[in-house]
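Structure record follows, encoded as structure tokens.
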Amino acid sequence: MRVESTEPPSGSIADQDAEHLASLGYSYERQFKREMTFWGNVSLGFTYLSPVVAVYSLFAASLGVAGPPMFWSLVIVGIGQLLVATVFGEVVAAYPVAGGVYPWSRRLWGRKWGWMNGWVYLVALLTTIASVAYGAGPFLSTLVGMANTVDSVIICGLVVIALATVLNLGGTRVLNTVAMIGLLAELGGALAVGSWLLLTARHHDLGVLFQSFGAGEGSNYFVAFAAAGLIGIFQYYGFEACGDVAEEVPNPGRTIPKAMRMTIYIGGFAAMFVCLSLILAVPDFAAVISGADTDPVGNILLSAFGPIGFKVVLAVVLVSFLSCVLSLQAATSRLAYSMAR
């Protein structure tokens, strides 16, 4: 994050941005550079959402709890979160201030609720950074040939955090560029991997999406399905990051609401496509549900791509994890700055 002293830029949109901030009580003496483009903002939200991270991290757990119908949680949660995004879009259009939910809630409900919301969000972001980096550990350790021990996973997770931190120190323009690279790599990789699995490793037809294969037996299946729905919640958590950098986007009142919705559209499609291709490529659902197959994603990818192709897929997955941590750190730094200001 880079904050610089500058004069209000010329141009009608820039002048309107400065006037809007001034009406909210912020002078232009210390202002972010508005160097983030529309697609850079979409990329920030997309890499924060990170369908590859969400699906690859929770696929085994969700499939084991509820079976193939867990796929529908991505659809249900996606529709609900799209409604949330429309509300957030209205709010950010009125309050295009760095920090996202903290300045929004502070102005809508008061200082007490803003303070509480800010701290809850800050803790959530820090926890998510740690969990995503830790989730990247097994992929990085496997890629470099290390055994997947607790120590190696932690070391690899710290490496991912360090790389993301160095990139974030480069400022808004670097963040914009790296986020776009992350979007292209993750989306391209998701489409390529999913298409290959559907063409070469498919074991089932779409009918399995309506069969539990014994998952959730002995209890209310709705409870099992709701638990598996965590994959959908984890998947769509993050589009609000588009608003965290509101002071770095030209004409944020129009740009950011569109970017939030676009993040849901692209991220949701990619997640559902990858999840569907993995479900249809699972050779034995009973083994996953019983816990005999604890790493269905790794086994599917290794079987479909072979040792060399598996390494390439791991590299793409790691780019997704790195860009996700990068976006999480960017959102966290803007939130902390907003609360301090």
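Starting from 1 in every chain, residues are counted up; chains themselves are A, B, ... following the order of the structure tokens, and ligands are numbered from 1 as listed.
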
Please provide as a compact mmCIF listing (two decimals) with C-alpha atoms, in the first residue's frame all residues within 12 Å of Gly207 in chain A, with the sequence filter that same-chain residues fewer than 2 positions apart are discarded (counting only C-alpha atoms).
# COMPACT_ATOMS: atom_id res chain seq x y z
CA PRO A 68 -22.09 -35.18 -4.96
CA PRO A 69 -25.21 -33.03 -4.19
CA HIS A 203 -16.50 -41.70 -14.64
CA HIS A 204 -20.10 -40.58 -14.11
CA ASP A 205 -22.96 -38.69 -15.71
CA LEU A 209 -25.49 -34.77 -8.58
CA PHE A 210 -28.79 -36.01 -7.17
CA GLN A 211 -27.45 -39.08 -5.35
CA SER A 212 -25.88 -39.02 -1.87
CA PHE A 213 -24.15 -42.44 -2.13
CA LEU A 276 -18.40 -30.43 -11.42
CA ILE A 279 -17.10 -34.77 -9.00
CA LEU A 280 -17.55 -36.56 -12.32

Running DSSP on the backbone, which parts of range 124-208 of chain A land in alpha helix (DSSP H), as a PyMOL selection string? chain A and resi 124-143+150-168+172-200

With only C-alpha atoms as the counted atoms, please give the residues lying no more than 8 Å from Val132 in chain A, apart from itself and same-chain residues fewer than 2 positions off, as number ranges by chain. A: 53, 128-130, 134-136, 321, 324-325

For Val65 in chain A, which residue among A:Ser303, A:Ser277, A:Asn220, A:Thr37 is the nearest when counting only C-alpha atoms? A:Asn220

Show me, as a PDB file with N, CA, C and O atoms, in the first residue's frame, the residues that have an atom within 8 Å of Thr255 in chain A when counting only C-alpha atoms, minus same-chain residues fewer than 5 positions from it.
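File selection17.pdb, as written:
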ATOM      1  N   PHE A  38     -10.677  -1.087 -13.953  1.00  0.00           N
ATOM      2  CA  PHE A  38     -11.871  -1.895 -13.704  1.00  0.00           C
ATOM      3  C   PHE A  38     -11.508  -3.372 -13.611  1.00  0.00           C
ATOM      4  O   PHE A  38     -11.904  -4.072 -12.668  1.00  0.00           O
ATOM      5  N   VAL A 249      -9.445   3.519  -7.215  1.00  0.00           N
ATOM      6  CA  VAL A 249     -10.154   3.213  -8.452  1.00  0.00           C
ATOM      7  C   VAL A 249     -10.831   4.488  -8.967  1.00  0.00           C
ATOM      8  O   VAL A 249     -11.567   5.136  -8.219  1.00  0.00           O
ATOM      9  N   PRO A 250     -10.608   4.892 -10.216  1.00  0.00           N
ATOM     10  CA  PRO A 250     -11.323   6.052 -10.755  1.00  0.00           C
ATOM     11  C   PRO A 250     -12.819   5.777 -10.826  1.00  0.00           C
ATOM     12  O   PRO A 250     -13.245   4.669 -11.156  1.00  0.00           O
TER      13      PRO A 250
END

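Across the model, the gap from CA of Arg34 in chain A to CA of Ile181 in chain A is 19.3 Å.
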